[in-house]
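> First the structure, which I've put down as structure tokens, then a few questions once you've had a look.
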Amino acid sequence: MTSEENVPKPDCARETETFDAISSGAWPDACDDSLRAHVASCAICSDVVEVATALIDDRDAALRHAPVPPSGVVWWRMQMRARNEAAQSARRTVIAVQVAVFAAVLAIALAMLGNAWWNKLPHLDEIAASGLLVVAQWGVPLLLAVGIWLTLAPVAVWLAVAKD
Amino acid sequence: MTLSELGLRSRVEEAATATPMDEDAFRAFYERTARPVWAYLRRITGDAQLADDLLQEAYYRFYRASVAHEDESHRKNYLYRIATNLARDHARKHRHGYDVALPGEGDPDQLRDDGATAVRAHTRMDLGRAMSQLGAVQRQMLWLAYAHGSSHDEIAQVVGVNTGAVKALLYRARRKLATLLRGHDLGGKRA
């Protein structure tokens, strides 16, 4: 190992030239003597030769034997997948609307039941007498309906936007 | 437009300029790039089967990203960035190790070829073993720099590091791989 190799250097001025010679196939026979002499004495360029020749050989072998599917098949698969995803998204939207409608119907039904139940309570007359008739008749059912809606609507929204 | 500029664009802007590739354009682009991208995925993951799967996913995401209006260089960088991220995500999810293919694996020609081919196959096995001892980012950077011929700027964009850091990271990765390929362990002894 020469003294030059003992000193770590981050780069070398002839590094690009060395790589270009390898990638163009000129290394080692078709490049000039000065580059060969430089590589023999430069740790950086010596590493470049070692690494680049191995990687380029590996790349060339992989390019020859890469088992990639034909472009037509890939295109067809992508179209199928895009359609399936679009259909899935549409289904999610339909389900979200269905849940929202069901929530609204459920809220109205519960509000009506609640209203009927409230009307049968014996203390209704006392509340009505105290000036809270409107609240007594519609306030609680309305709050109930709003509560149910606020609970179920986020579920509907989640179904609409959530991905698998 | 550069890749970094694309990274700064909002989703709204991307959606507004999205132009899906038509079939002819996509197929021509695929024919030009599929093999190099597969080779890249194969070497950074160490798994040919996984490279097959990630290749298809990478092209699908690339297609859905609608970058038909970009130039060829930008499209390639963007595709490599997708492939890199897919490999990284897969490694995180599955804690996937790096497999070392044996000579001839997936390549029947190598089994019946001459001695020179066998030597080259053995060299590739050595490369596989050496690469398995590198970090994922080191494998990505080395492949992009020396097998793909990418510039430091392109490497930074694909791998997701600062351009200024590429030179030092590449130097360390190259030093390590060269040492391993020469048959030395990292302590400096001949294997």
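Residues are named by chain letter and number: chains run A, B, ... in the order of the structure tokens, numbers start at 1 in each chain, and ligands are numbered from 1 in the order shown.
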Could you write out as a PyMOL selection string the residues of chain B within 8 Å of chain A, counting only C-alpha atoms?
chain B and resi 23+26-27+30-31+34-36+38-39+52+56+60+107+120+123-124+127+143+146-147+167-168+171+174-175+177-178+181-182
> Residues at most 8 Å from Lys176 in chain B, counting only C-alpha atoms, excluding those fewer than 3 positions away in the same chain, as a VMD selection string?
chain B and resid 134 172 to 173 179 to 180 186
> Store the residues of this selection in a file with C-alpha atoms, as a CSV table (one decimal), in the first residue's frame.

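What ended up in result.csv:
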```
chain,number,residue,atom,x,y,z
B,134,LEU,CA,-24.2,-2.9,3.1
B,172,ARG,CA,-18.0,5.4,2.4
B,173,ALA,CA,-20.3,3.0,0.6
B,179,THR,CA,-13.0,-3.8,0.5
B,180,LEU,CA,-15.6,-6.6,0.5
B,186,LEU,CA,-14.1,-5.0,7.2
```
> To one decimal place, how far is CA of Leu55 in chain B from CA of Ala87 in chain B in Å?
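CA of Leu55 in chain B sits 9.8 Å away from CA of Ala87 in chain B.
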> Quote the spacing between CA of Gly128 in chain B and CA of Val37 in chain B in Å to one decimal place.
17.2 Å
> Quick check, in Å to one decimal: how far apart do CA of Ser73 in chain B and CA of Ser151 in chain B lie?
11.7 Å
> If we count only C-alpha atoms and set the cut-off at 12 Å, which residues sit around Arg61 in chain B, ignoring sequence neighbours fewer than 5 positions away in its own chain? Please answer as a list of chain:residue names.
A:Met78, A:Arg81, A:Ala82, B:Pro20, B:Leu54, B:Leu55, B:Gln56, B:Ser66, B:Val67, B:Tyr78, B:Leu79, B:Tyr80, B:Arg81, B:Ile82, B:Ala83, B:Asn85, B:Leu86
> Using only C-alpha atoms, which of the listed residues (B:Asn162, B:Ala156, B:Arg75, B:Ile44) sits closest to Met131 in chain B?
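The shortest atom-to-atom distance to Met131 in chain B comes from B:Ile44.
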